[in-house]
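**Q** Dropping the structure in here first, questions after.
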Amino acid sequence: MTRFLFSLILLLSLTLTAQQLKSPSEFLGYELGSEFTRHYEVVDYYEYLAKAAPDRVKLTVYGQTNERRPLIVAYVSSAQNISNLEDIRLEHLKETKGEGTSEKAIVWLSYNVHGNESVSTEASMKTIYELLTSKSSYLENTVVIMDPCINPDGRDRYSNWYNQYKNTPNQVDPNSKEHNEGWWGGRSNHYMFDLNRDWAWLTQVESQQRLKMYNQWMPHVHVDFHEQGVNNPYYFAPATEPYHELITDFQRDFQVTLGRNHAKYFDANGWFYFTKEVFDLLYPSYGDTYPIYNGAIGMTYEQGGGGRAGLGIITGNGDTLTLKDRIDHHYTTGISTVEVSSKNAAKLNEEFKKFYKNQNFKYKSYVLKGNEDKLKSLKTLLEKHQIQYGDLTSGSYKGHEYATGKSGSMSVNGNGLVISTNQPKGTLVTVLFEPNAKLSDSLTYDITAWSLPYAYGLEALASPTLVSPQNATESAISTTADKNTYAYLADWNSVEDAKFLAALIKEGVRVRKANLPFKMDGKSFERGTLIITKSDNENRTDFAKILQTTAEKFQKNLTPVTTGFVDSGKDFGSSYVQMITKPKIAVLSGEPTSTLRFGEIWHFFEQQLHYPITVLDGDYAKRVDLGEYNILILPDGRYGNYFNESELADLKDWVRQGGKIIAMGGAIDAIDGEKGFGIQKKEMEKDSGKTDPKPYEDWERESIKSAITGAIFKAKVDNTNPLAYGYGKDYFTLKLGSASFDYLKGGSAVYLEKDAKPFSGFAGSEAQKQVSGTLVYGTEGFGRGQVIYMVDNPLFRGFWENGKLFFANALFMVE
């Protein structure tokens, strides 16, 4: 067969294929880019392609969102590859053991993780159509996995809002309503979480379900499609520093290879772009870094536009940026990625295998011990990541102590855990557990510290030697309740205990708490111990059954006692043993709160604590009778003058009469000062010395002296304060900024000592001075009520597990 004849047959085949398949515009009934496509319509198009070309497209529903929208991936490849898809997957996964003979490139394209960065889902439809038609040659040795919308709830929130408020056909004036979303934009998911910060922490259902699919494939290349500010040109790889030190030379070099190929197409079209700026590769919970730490070439692509751009907008240069323009740009980088991957399939397989074969880490094992509930919680996360771990029951181990930041030793006597780096997920283990990530540049896009032993509040040691696990026997749990027993005692030292308490309170069971330690029957019980008596619940004939069922559900140990007379401490009838007030909780939302910070609270109550709250929107909250509630939570946000003098006086009267405020982050500014409550901002001494002016180009680096980009500090704890029940004398707090307040008189539950330095992560020199000797969490009695201050965020992104008990204490323990 002549080359000409072969080319003619191939062209004819492509033409026939294109005629058989409808383009997105033909299927949807409008030109792609002239409307925002709702999620169900996107799913319809992908289902159509899977039915029209079943030999080249396989569709899988891998889950659903909180609002019941389907989550789908499409496998796109040649007919031969699709028919052998499972064999290709299994052969590829052998590479994670340094084995395998796969010759196929696996490319995963993820779209629309931020709902109002909506162009990428539109671009995905054009991309899959062209891959099946004009670009099908790339699929001969490549399997493309396409997730057209990671965040359907956010996307539909945005597209529905835009379709509701846009002019007809549309208005390009950036001042128009259609370019200015309200308080809850489309960026986040149902619980207002940023899904592009959740790859490692897996707090959200979308992330949990997606990672199951990701672990089934472990692609060579993963692209996360985004949008940025309207006036920004396109961004694609290579990324900027800091690169994590474990990122391989090949991973760095291949980003350059891809970037040059993208640039070729952008140059031909006269499109502007930038690389090696802004977007670094450090924080492990992104859609680019998480795949990198699993051996892939992970990348973020950023198109200018986002929620402001709509169908078209006038940019700062006076040009008009249309949705069609944005589609073309994302389509081009997507196709270019598949093209380069196809041409380099052999190299991708070779280097992927090397990634898993050539691992030599400084620390070979991470040894942990501590609260059983916290260990179980960590194990659950490890299992979701398919990270192997083992139990430890005894032994003494040497290495880097997390508690001191120095070399030392740690003994385990039951209830220990070891995670080795000698496993396929060894790189990911190292990144998630490293005591202090090395920074090649202090200018970063996100937090610089996240180490899981600190996040989970566990004693830990990083060992340079391999520690073998030991067989452990599970300790027996007593959950038996008898209606004739005088009382039952339950400890209080984890958020699991708070879930148990919340469940009892919802069932109407009355529970007391001990405000002082006591001893009984040879056992010691700490502050916060739950005391559940028969006499407090004598009107409940089903009391014993409810208690036992709840204890079994939460695997909670119950200690039965036959008397309220203690050996030492305070008897159960003492005023130091208080009845826990049933919380009736209102949470402020809307302006002036932060959506992300409100979402963390909302998610904590509904998906973790399972306790009801009333959400009050900022537009009408000040007209609500707070007498209906005994707790008001003010999330972090930008409050400005939200409370005027009269409203602040009303709020103080409510607290004086027994109400409780939990003020978090920026909300503290709204209620502090002479006209508010007693907390005071820290005043910094002004430097009177004159210094030479800095060059203009250095202003950004100068400014980071006053910044804390997510650093871990060791704080002191007054665990006699009810806000700190269940904690030891130290707490590692994740500090996200330099906001600082003076100690409270008698109410400083958690605080930084003077000259505090970060244990992990970056904090500028001026910021360190600012937070030195300041409050982290505290309580202020006011009349019959309480004000609780949370300068740092214990619920940040839902992953700082060891902070959650402070929040639970604020709800249940502080009276």
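Here's how to read the names in the structure tokens: chain A, B, ... by the order shown, residue numbers from 1 in each chain, ligand numbers from 1 in the order shown.
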Please run DSSP on the backbone and report, as an MDAnalysis selection string, all residues within region 195-393 of chain A that come out as alpha helix (DSSP H).
**A** chainID A and resid 205:217 249:269 289:292 306:309 323:343 345:357 372:384
**Q** Hey, what's within 7 Å of region 725-729 of chain A if we count only C-alpha atoms and toss same-chain stuff fewer than 6 positions away? As a ChimeraX atom specification, please?
**A** /A:492-493,527-528,716-719,809
**Q** Keeping C-alpha atoms, export the residues of the selection given above as a PDB file, in the first residue's frame.
**A**
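Final output, saved to part_15.pdb:
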```pdb
ATOM      1  CA  TRP A 492     -13.032  13.094  77.432  1.00  0.00           C
ATOM      2  CA  ASN A 493      -9.962  13.505  75.273  1.00  0.00           C
ATOM      3  CA  ARG A 527     -11.176  17.069  84.058  1.00  0.00           C
ATOM      4  CA  GLY A 528     -13.953  16.788  81.515  1.00  0.00           C
ATOM      5  CA  LYS A 716       1.388  26.219  75.975  1.00  0.00           C
ATOM      6  CA  VAL A 717      -1.896  24.865  77.347  1.00  0.00           C
ATOM      7  CA  ASP A 718      -3.683  25.628  80.610  1.00  0.00           C
ATOM      8  CA  ASN A 719      -5.692  22.433  80.788  1.00  0.00           C
ATOM      9  CA  ASN A 809     -15.018  22.115  74.519  1.00  0.00           C
TER      10      ASN A 809
END
```
**Q** Which residues come within 12 Å of Tyr789 (chain A), counting only C-alpha atoms, excluding same-chain residues fewer than 2 positions away, as a ChimeraX atom specification?
**A** /A:633-636,660-672,677-680,723,740-744,747-751,775-781,786-787,791-794,806-807,810,814
**Q** Can you measure CA of Met520 (chain A) to CA of Ile546 (chain A) for me? One decimal in Å is fine.
**A**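 According to the coordinates, CA of Met520 (chain A) and CA of Ile546 (chain A) are separated by 24.8 Å.
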**Q** So that I can see what lies close to Ile601 (chain A), please list as a VMD selection string the residues with an atom at most 12 Å from it, counting only C-alpha atoms and leaving out residues fewer than 4 positions away in the same chain.
**A** chain A and resid 191 to 193 585 to 589 593 to 597 605 to 615 633 to 636 662 664 793 to 798 804 807 to 808
**Q** Using N, CA, C and O atoms, can you write the selected residues to a file as a compact mmCIF listing (two decimals), in the first residue's frame?
**A**
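Written file, result-v2.txt:
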```txt
# COMPACT_ATOMS: atom_id res chain seq x y z
N TYR A 191 -20.40 22.09 50.86
CA TYR A 191 -20.03 22.54 52.20
C TYR A 191 -19.01 23.68 52.18
O TYR A 191 -18.36 23.93 53.19
N MET A 192 -18.91 24.34 51.04
CA MET A 192 -18.06 25.52 50.89
C MET A 192 -16.58 25.20 51.08
O MET A 192 -15.81 26.06 51.48
N PHE A 193 -16.19 23.96 50.80
CA PHE A 193 -14.78 23.58 50.85
C PHE A 193 -14.15 23.78 49.49
O PHE A 193 -14.80 23.60 48.44
N ILE A 585 -27.72 26.21 69.10
CA ILE A 585 -26.63 26.90 68.42
C ILE A 585 -27.11 27.66 67.20
O ILE A 585 -27.83 27.11 66.35
N ALA A 586 -26.68 28.91 67.11
CA ALA A 586 -26.88 29.71 65.91
C ALA A 586 -25.50 30.04 65.34
O ALA A 586 -24.56 30.35 66.08
N VAL A 587 -25.37 29.98 64.01
CA VAL A 587 -24.10 30.29 63.34
C VAL A 587 -24.36 31.39 62.32
O VAL A 587 -25.27 31.26 61.48
N LEU A 588 -23.58 32.44 62.38
CA LEU A 588 -23.71 33.53 61.41
C LEU A 588 -23.14 33.09 60.08
O LEU A 588 -22.08 32.47 60.00
N SER A 589 -23.84 33.44 59.00
CA SER A 589 -23.35 33.15 57.64
C SER A 589 -23.55 34.39 56.78
O SER A 589 -24.03 35.42 57.25
N THR A 593 -19.12 37.05 56.79
CA THR A 593 -18.27 35.91 57.09
C THR A 593 -17.58 35.41 55.83
O THR A 593 -17.99 35.67 54.70
N SER A 594 -16.52 34.62 56.04
CA SER A 594 -15.83 33.93 54.95
C SER A 594 -16.59 32.66 54.60
O SER A 594 -16.95 31.88 55.49
N THR A 595 -16.83 32.42 53.31
CA THR A 595 -17.53 31.20 52.92
C THR A 595 -16.75 29.96 53.34
O THR A 595 -17.34 29.00 53.86
N LEU A 596 -15.45 29.96 53.13
CA LEU A 596 -14.64 28.79 53.47
C LEU A 596 -14.69 28.52 54.97
O LEU A 596 -14.80 27.38 55.41
N ARG A 597 -14.59 29.59 55.76
CA ARG A 597 -14.57 29.41 57.22
C ARG A 597 -15.94 29.01 57.74
O ARG A 597 -16.05 28.21 58.67
N PHE A 605 -20.39 20.31 62.03
CA PHE A 605 -21.63 19.96 62.72
C PHE A 605 -22.40 18.87 61.99
O PHE A 605 -22.89 17.93 62.62
N GLU A 606 -22.51 18.97 60.67
CA GLU A 606 -23.39 18.06 59.94
C GLU A 606 -22.73 16.73 59.60
O GLU A 606 -23.40 15.69 59.60
N GLN A 607 -21.44 16.73 59.30
CA GLN A 607 -20.79 15.52 58.83
C GLN A 607 -19.86 14.87 59.86
O GLN A 607 -19.41 13.76 59.64
N GLN A 608 -19.56 15.57 60.95
CA GLN A 608 -18.68 14.99 61.96
C GLN A 608 -19.39 14.88 63.32
O GLN A 608 -19.55 13.78 63.85
N LEU A 609 -19.82 16.00 63.87
CA LEU A 609 -20.46 15.98 65.17
C LEU A 609 -21.90 15.48 65.09
O LEU A 609 -22.44 14.94 66.05
N HIS A 610 -22.53 15.69 63.94
CA HIS A 610 -23.94 15.31 63.73
C HIS A 610 -24.84 15.94 64.79
O HIS A 610 -25.63 15.27 65.47
N TYR A 611 -24.72 17.25 64.87
CA TYR A 611 -25.51 18.01 65.84
C TYR A 611 -26.13 19.20 65.12
O TYR A 611 -25.48 19.85 64.31
N PRO A 612 -27.42 19.51 65.40
CA PRO A 612 -28.12 20.53 64.62
C PRO A 612 -27.68 21.95 64.95
O PRO A 612 -27.34 22.27 66.09
N ILE A 613 -27.67 22.79 63.93
CA ILE A 613 -27.41 24.21 64.10
C ILE A 613 -28.46 24.99 63.30
O ILE A 613 -29.06 24.48 62.36
N THR A 614 -28.66 26.24 63.70
CA THR A 614 -29.48 27.17 62.93
C THR A 614 -28.55 28.16 62.25
O THR A 614 -27.69 28.77 62.91
N VAL A 615 -28.69 28.30 60.95
CA VAL A 615 -27.84 29.21 60.18
C VAL A 615 -28.58 30.54 60.01
O VAL A 615 -29.70 30.57 59.49
N ILE A 633 -22.14 31.44 67.14
CA ILE A 633 -20.81 31.27 66.55
C ILE A 633 -20.62 32.32 65.46
O ILE A 633 -21.43 32.44 64.55
N LEU A 634 -19.54 33.08 65.60
CA LEU A 634 -19.18 34.10 64.61
C LEU A 634 -17.95 33.60 63.86
O LEU A 634 -16.83 33.66 64.37
N PRO A 635 -18.12 33.09 62.63
CA PRO A 635 -16.96 32.58 61.88
C PRO A 635 -16.00 33.69 61.50
O PRO A 635 -16.34 34.88 61.52
N ASP A 636 -14.82 33.29 61.14
CA ASP A 636 -13.83 34.23 60.62
C ASP A 636 -14.41 34.96 59.41
O ASP A 636 -15.25 34.43 58.68
N ILE A 662 -18.82 32.33 70.42
CA ILE A 662 -17.56 31.76 69.97
C ILE A 662 -17.11 32.60 68.79
O ILE A 662 -17.69 32.53 67.70
N MET A 664 -14.30 33.69 66.08
CA MET A 664 -13.18 33.05 65.42
C MET A 664 -12.50 34.02 64.45
O MET A 664 -13.17 34.69 63.66
N ASN A 793 -7.48 28.86 63.80
CA ASN A 793 -8.67 28.13 63.36
C ASN A 793 -8.51 26.64 63.62
O ASN A 793 -7.77 25.96 62.90
N PRO A 794 -9.21 26.07 64.61
CA PRO A 794 -9.07 24.64 64.90
C PRO A 794 -9.75 23.74 63.88
O PRO A 794 -9.54 22.52 63.90
N LEU A 795 -10.55 24.32 62.99
CA LEU A 795 -11.29 23.53 62.00
C LEU A 795 -10.73 23.73 60.59
O LEU A 795 -11.36 23.33 59.61
N PHE A 796 -9.55 24.31 60.46
CA PHE A 796 -9.01 24.69 59.16
C PHE A 796 -9.00 23.52 58.17
O PHE A 796 -8.39 22.49 58.42
N ARG A 797 -9.74 23.70 57.08
CA ARG A 797 -9.85 22.71 56.00
C ARG A 797 -10.26 21.32 56.49
O ARG A 797 -10.14 20.34 55.75
N GLY A 798 -10.72 21.25 57.74
CA GLY A 798 -11.23 20.00 58.26
C GLY A 798 -10.18 18.95 58.55
O GLY A 798 -10.53 17.82 58.89
N LYS A 804 -9.92 20.00 66.94
CA LYS A 804 -11.38 19.92 66.97
C LYS A 804 -11.95 19.79 68.38
O LYS A 804 -13.08 20.21 68.64
N PHE A 807 -12.85 23.08 69.87
CA PHE A 807 -14.15 23.57 69.42
C PHE A 807 -15.27 22.86 70.16
O PHE A 807 -16.26 23.49 70.57
N ALA A 808 -15.12 21.55 70.37
CA ALA A 808 -16.13 20.80 71.13
C ALA A 808 -16.19 21.28 72.57
O ALA A 808 -17.28 21.38 73.17
```
**Q** Skipping near chain neighbours, those fewer than 4 positions away, what residues fall within 6 Å of region 556-558 of chain A using only C-alpha atoms, listed as a list in words?
**A**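 Returned residues: Ile477, Ser478, Thr479, Tyr488, Leu489, Ala490 and Ala551 of chain A.
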**Q** Write out as a count of residues only which residues come within 7 Å of region 325-329 of chain A when counting only C-alpha atoms, dropping same-chain ones fewer than 2 positions away.
**A** 11
**Q** Any idea what's packed within 9 Å of region 271-276 of chain A, counting only C-alpha atoms, ignoring anything in its chain fewer than 3 positions away? Could you give it as a PDB file with all heavy atoms, in the first residue's frame?
**A**
```
ATOM      1  N   ASN A 232      -5.330  38.265  33.624  1.00  0.00           N
ATOM      2  CA  ASN A 232      -4.119  37.454  33.531  1.00  0.00           C
ATOM      3  C   ASN A 232      -4.085  36.657  32.240  1.00  0.00           C
ATOM      4  O   ASN A 232      -5.105  36.084  31.833  1.00  0.00           O
ATOM      5  CB  ASN A 232      -4.031  36.477  34.706  1.00  0.00           C
ATOM      6  CG  ASN A 232      -3.795  37.171  36.026  1.00  0.00           C
ATOM      7  OD1 ASN A 232      -3.174  38.224  36.075  1.00  0.00           O
ATOM      8  ND2 ASN A 232      -4.281  36.584  37.096  1.00  0.00           N
ATOM      9  N   PRO A 233      -2.919  36.587  31.593  1.00  0.00           N
ATOM     10  CA  PRO A 233      -2.787  35.672  30.455  1.00  0.00           C
ATOM     11  C   PRO A 233      -2.775  34.235  30.941  1.00  0.00           C
ATOM     12  O   PRO A 233      -2.825  33.969  32.138  1.00  0.00           O
ATOM     13  CB  PRO A 233      -1.451  36.074  29.844  1.00  0.00           C
ATOM     14  CG  PRO A 233      -0.673  36.669  30.969  1.00  0.00           C
ATOM     15  CD  PRO A 233      -1.677  37.317  31.871  1.00  0.00           C
ATOM     16  N   TYR A 234      -2.671  33.305  30.026  1.00  0.00           N
ATOM     17  CA  TYR A 234      -2.738  31.879  30.367  1.00  0.00           C
ATOM     18  C   TYR A 234      -1.465  31.451  31.087  1.00  0.00           C
ATOM     19  O   TYR A 234      -0.367  31.895  30.761  1.00  0.00           O
ATOM     20  CB  TYR A 234      -2.905  31.062  29.089  1.00  0.00           C
ATOM     21  CG  TYR A 234      -3.456  29.666  29.309  1.00  0.00           C
ATOM     22  CD1 TYR A 234      -4.802  29.397  29.105  1.00  0.00           C
ATOM     23  CD2 TYR A 234      -2.632  28.615  29.700  1.00  0.00           C
ATOM     24  CE1 TYR A 234      -5.319  28.109  29.293  1.00  0.00           C
ATOM     25  CE2 TYR A 234      -3.128  27.338  29.892  1.00  0.00           C
ATOM     26  CZ  TYR A 234      -4.469  27.096  29.692  1.00  0.00           C
ATOM     27  OH  TYR A 234      -4.979  25.835  29.880  1.00  0.00           O
ATOM     28  N   TYR A 235      -1.630  30.582  32.081  1.00  0.00           N
ATOM     29  CA  TYR A 235      -0.486  29.983  32.770  1.00  0.00           C
ATOM     30  C   TYR A 235      -0.444  28.490  32.490  1.00  0.00           C
ATOM     31  O   TYR A 235      -1.452  27.796  32.578  1.00  0.00           O
ATOM     32  CB  TYR A 235      -0.564  30.189  34.289  1.00  0.00           C
ATOM     33  CG  TYR A 235       0.376  29.272  35.038  1.00  0.00           C
ATOM     34  CD1 TYR A 235       1.719  29.602  35.176  1.00  0.00           C
ATOM     35  CD2 TYR A 235      -0.069  28.057  35.554  1.00  0.00           C
ATOM     36  CE1 TYR A 235       2.599  28.745  35.822  1.00  0.00           C
ATOM     37  CE2 TYR A 235       0.808  27.191  36.199  1.00  0.00           C
ATOM     38  CZ  TYR A 235       2.134  27.538  36.331  1.00  0.00           C
ATOM     39  OH  TYR A 235       2.998  26.684  36.960  1.00  0.00           O
ATOM     40  N   PHE A 236       0.749  28.002  32.148  1.00  0.00           N
ATOM     41  CA  PHE A 236       0.962  26.563  32.110  1.00  0.00           C
ATOM     42  C   PHE A 236       2.375  26.256  32.599  1.00  0.00           C
ATOM     43  O   PHE A 236       3.192  27.151  32.828  1.00  0.00           O
ATOM     44  CB  PHE A 236       0.721  25.969  30.713  1.00  0.00           C
ATOM     45  CG  PHE A 236       1.383  26.669  29.560  1.00  0.00           C
ATOM     46  CD1 PHE A 236       2.758  26.587  29.336  1.00  0.00           C
ATOM     47  CD2 PHE A 236       0.622  27.401  28.643  1.00  0.00           C
ATOM     48  CE1 PHE A 236       3.360  27.217  28.263  1.00  0.00           C
ATOM     49  CE2 PHE A 236       1.210  28.039  27.564  1.00  0.00           C
ATOM     50  CZ  PHE A 236       2.584  27.943  27.370  1.00  0.00           C
ATOM     51  N   ALA A 237       2.649  24.971  32.795  1.00  0.00           N
ATOM     52  CA  ALA A 237       3.938  24.519  33.325  1.00  0.00           C
ATOM     53  C   ALA A 237       5.075  24.945  32.383  1.00  0.00           C
ATOM     54  O   ALA A 237       4.840  25.158  31.189  1.00  0.00           O
ATOM     55  CB  ALA A 237       3.917  23.001  33.482  1.00  0.00           C
ATOM     56  N   PRO A 238       6.298  25.052  32.955  1.00  0.00           N
ATOM     57  CA  PRO A 238       6.739  24.601  34.272  1.00  0.00           C
ATOM     58  C   PRO A 238       6.346  25.549  35.397  1.00  0.00           C
ATOM     59  O   PRO A 238       6.149  26.746  35.186  1.00  0.00           O
ATOM     60  CB  PRO A 238       8.260  24.528  34.125  1.00  0.00           C
ATOM     61  CG  PRO A 238       8.582  25.542  33.075  1.00  0.00           C
ATOM     62  CD  PRO A 238       7.428  25.487  32.111  1.00  0.00           C
ATOM     63  N   ALA A 239       6.251  24.964  36.606  1.00  0.00           N
ATOM     64  CA  ALA A 239       5.866  25.715  37.796  1.00  0.00           C
ATOM     65  C   ALA A 239       7.052  26.527  38.309  1.00  0.00           C
ATOM     66  O   ALA A 239       8.163  26.468  37.768  1.00  0.00           O
ATOM     67  CB  ALA A 239       5.370  24.756  38.873  1.00  0.00           C
ATOM     68  N   THR A 240       6.785  27.280  39.377  1.00  0.00           N
ATOM     69  CA  THR A 240       7.839  28.072  39.989  1.00  0.00           C
ATOM     70  C   THR A 240       8.317  27.413  41.281  1.00  0.00           C
ATOM     71  O   THR A 240       7.689  26.486  41.789  1.00  0.00           O
ATOM     72  CB  THR A 240       7.339  29.502  40.283  1.00  0.00           C
ATOM     73  OG1 THR A 240       8.438  30.324  40.686  1.00  0.00           O
ATOM     74  CG2 THR A 240       6.287  29.508  41.385  1.00  0.00           C
ATOM     75  N   GLU A 241       9.426  27.892  41.816  1.00  0.00           N
ATOM     76  CA  GLU A 241       9.882  27.454  43.130  1.00  0.00           C
ATOM     77  C   GLU A 241       8.934  28.019  44.195  1.00  0.00           C
ATOM     78  O   GLU A 241       8.327  29.063  43.980  1.00  0.00           O
ATOM     79  CB  GLU A 241      11.315  27.948  43.387  1.00  0.00           C
ATOM     80  CG  GLU A 241      12.361  27.350  42.477  1.00  0.00           C
ATOM     81  CD  GLU A 241      12.700  25.906  42.815  1.00  0.00           C
ATOM     82  OE1 GLU A 241      12.182  25.381  43.831  1.00  0.00           O
ATOM     83  OE2 GLU A 241      13.477  25.301  42.067  1.00  0.00           O
ATOM     84  N   GLY A 259       5.542  22.405  28.470  1.00  0.00           N
ATOM     85  CA  GLY A 259       5.382  23.843  28.338  1.00  0.00           C
ATOM     86  C   GLY A 259       5.837  24.355  26.984  1.00  0.00           C
ATOM     87  O   GLY A 259       5.187  25.220  26.382  1.00  0.00           O
ATOM     88  N   ALA A 263       3.606  26.265  24.229  1.00  0.00           N
ATOM     89  CA  ALA A 263       4.027  27.576  23.748  1.00  0.00           C
ATOM     90  C   ALA A 263       4.036  27.626  22.223  1.00  0.00           C
ATOM     91  O   ALA A 263       3.703  28.660  21.623  1.00  0.00           O
ATOM     92  CB  ALA A 263       5.412  27.907  24.303  1.00  0.00           C
ATOM     93  N   TYR A 265       1.986  26.235  20.147  1.00  0.00           N
ATOM     94  CA  TYR A 265       0.631  26.488  19.653  1.00  0.00           C
ATOM     95  C   TYR A 265       0.150  27.891  20.034  1.00  0.00           C
ATOM     96  O   TYR A 265      -0.522  28.566  19.245  1.00  0.00           O
ATOM     97  CB  TYR A 265      -0.330  25.433  20.199  1.00  0.00           C
ATOM     98  CG  TYR A 265      -0.073  24.051  19.651  1.00  0.00           C
ATOM     99  CD1 TYR A 265       0.366  23.020  20.481  1.00  0.00           C
ATOM    100  CD2 TYR A 265      -0.256  23.767  18.303  1.00  0.00           C
ATOM    101  CE1 TYR A 265       0.611  21.746  19.988  1.00  0.00           C
ATOM    102  CE2 TYR A 265      -0.018  22.497  17.792  1.00  0.00           C
ATOM    103  CZ  TYR A 265       0.424  21.495  18.637  1.00  0.00           C
ATOM    104  OH  TYR A 265       0.670  20.238  18.131  1.00  0.00           O
ATOM    105  N   PHE A 266       0.475  28.323  21.240  1.00  0.00           N
ATOM    106  CA  PHE A 266       0.066  29.662  21.662  1.00  0.00           C
ATOM    107  C   PHE A 266       0.771  30.732  20.836  1.00  0.00           C
ATOM    108  O   PHE A 266       0.172  31.739  20.462  1.00  0.00           O
ATOM    109  CB  PHE A 266       0.346  29.856  23.155  1.00  0.00           C
ATOM    110  CG  PHE A 266      -0.760  29.372  24.053  1.00  0.00           C
ATOM    111  CD1 PHE A 266      -1.182  28.045  24.015  1.00  0.00           C
ATOM    112  CD2 PHE A 266      -1.400  30.230  24.932  1.00  0.00           C
ATOM    113  CE1 PHE A 266      -2.206  27.592  24.832  1.00  0.00           C
ATOM    114  CE2 PHE A 266      -2.431  29.791  25.758  1.00  0.00           C
ATOM    115  CZ  PHE A 266      -2.840  28.459  25.703  1.00  0.00           C
ATOM    116  N   ASP A 267       2.053  30.517  20.548  1.00  0.00           N
ATOM    117  CA  ASP A 267       2.788  31.473  19.718  1.00  0.00           C
ATOM    118  C   ASP A 267       2.167  31.581  18.334  1.00  0.00           C
ATOM    119  O   ASP A 267       2.044  32.682  17.770  1.00  0.00           O
ATOM    120  CB  ASP A 267       4.253  31.035  19.584  1.00  0.00           C
ATOM    121  CG  ASP A 267       5.024  31.165  20.887  1.00  0.00           C
ATOM    122  OD1 ASP A 267       4.548  31.891  21.788  1.00  0.00           O
ATOM    123  OD2 ASP A 267       6.094  30.542  21.006  1.00  0.00           O
ATOM    124  N   ALA A 268       1.771  30.435  17.769  1.00  0.00           N
ATOM    125  CA  ALA A 268       1.190  30.430  16.421  1.00  0.00           C
ATOM    126  C   ALA A 268      -0.106  31.220  16.367  1.00  0.00           C
ATOM    127  O   ALA A 268      -0.456  31.798  15.324  1.00  0.00           O
ATOM    128  CB  ALA A 268       0.955  28.988  15.965  1.00  0.00           C
ATOM    129  N   PHE A 279       2.669  29.817  40.743  1.00  0.00           N
ATOM    130  CA  PHE A 279       2.174  28.498  41.145  1.00  0.00           C
ATOM    131  C   PHE A 279       3.342  27.550  41.406  1.00  0.00           C
ATOM    132  O   PHE A 279       4.024  27.102  40.487  1.00  0.00           O
ATOM    133  CB  PHE A 279       1.240  27.935  40.067  1.00  0.00           C
ATOM    134  CG  PHE A 279       0.092  28.850  39.764  1.00  0.00           C
ATOM    135  CD1 PHE A 279       0.087  29.622  38.615  1.00  0.00           C
ATOM    136  CD2 PHE A 279      -0.964  28.979  40.644  1.00  0.00           C
ATOM    137  CE1 PHE A 279      -0.959  30.487  38.334  1.00  0.00           C
ATOM    138  CE2 PHE A 279      -2.017  29.839  40.381  1.00  0.00           C
ATOM    139  CZ  PHE A 279      -2.020  30.599  39.228  1.00  0.00           C
ATOM    140  N   ASP A 280       3.559  27.240  42.700  1.00  0.00           N
ATOM    141  CA  ASP A 280       4.676  26.393  43.097  1.00  0.00           C
ATOM    142  C   ASP A 280       4.220  24.953  43.279  1.00  0.00           C
ATOM    143  O   ASP A 280       3.043  24.623  43.087  1.00  0.00           O
ATOM    144  CB  ASP A 280       5.323  26.940  44.376  1.00  0.00           C
ATOM    145  CG  ASP A 280       4.352  26.976  45.552  1.00  0.00           C
ATOM    146  OD1 ASP A 280       3.963  25.894  46.030  1.00  0.00           O
ATOM    147  OD2 ASP A 280       3.979  28.081  45.996  1.00  0.00           O
ATOM    148  N   HIS A 329      -8.335  28.031  24.508  1.00  0.00           N
ATOM    149  CA  HIS A 329      -7.052  27.954  25.217  1.00  0.00           C
ATOM    150  C   HIS A 329      -6.941  26.649  26.010  1.00  0.00           C
ATOM    151  O   HIS A 329      -5.910  25.960  25.949  1.00  0.00           O
ATOM    152  CB  HIS A 329      -6.899  29.155  26.148  1.00  0.00           C
ATOM    153  CG  HIS A 329      -6.923  30.466  25.430  1.00  0.00           C
ATOM    154  ND1 HIS A 329      -7.157  31.667  26.066  1.00  0.00           N
ATOM    155  CD2 HIS A 329      -6.753  30.765  24.110  1.00  0.00           C
ATOM    156  CE1 HIS A 329      -7.125  32.653  25.184  1.00  0.00           C
ATOM    157  NE2 HIS A 329      -6.888  32.130  23.997  1.00  0.00           N
TER     158      HIS A 329
END
```
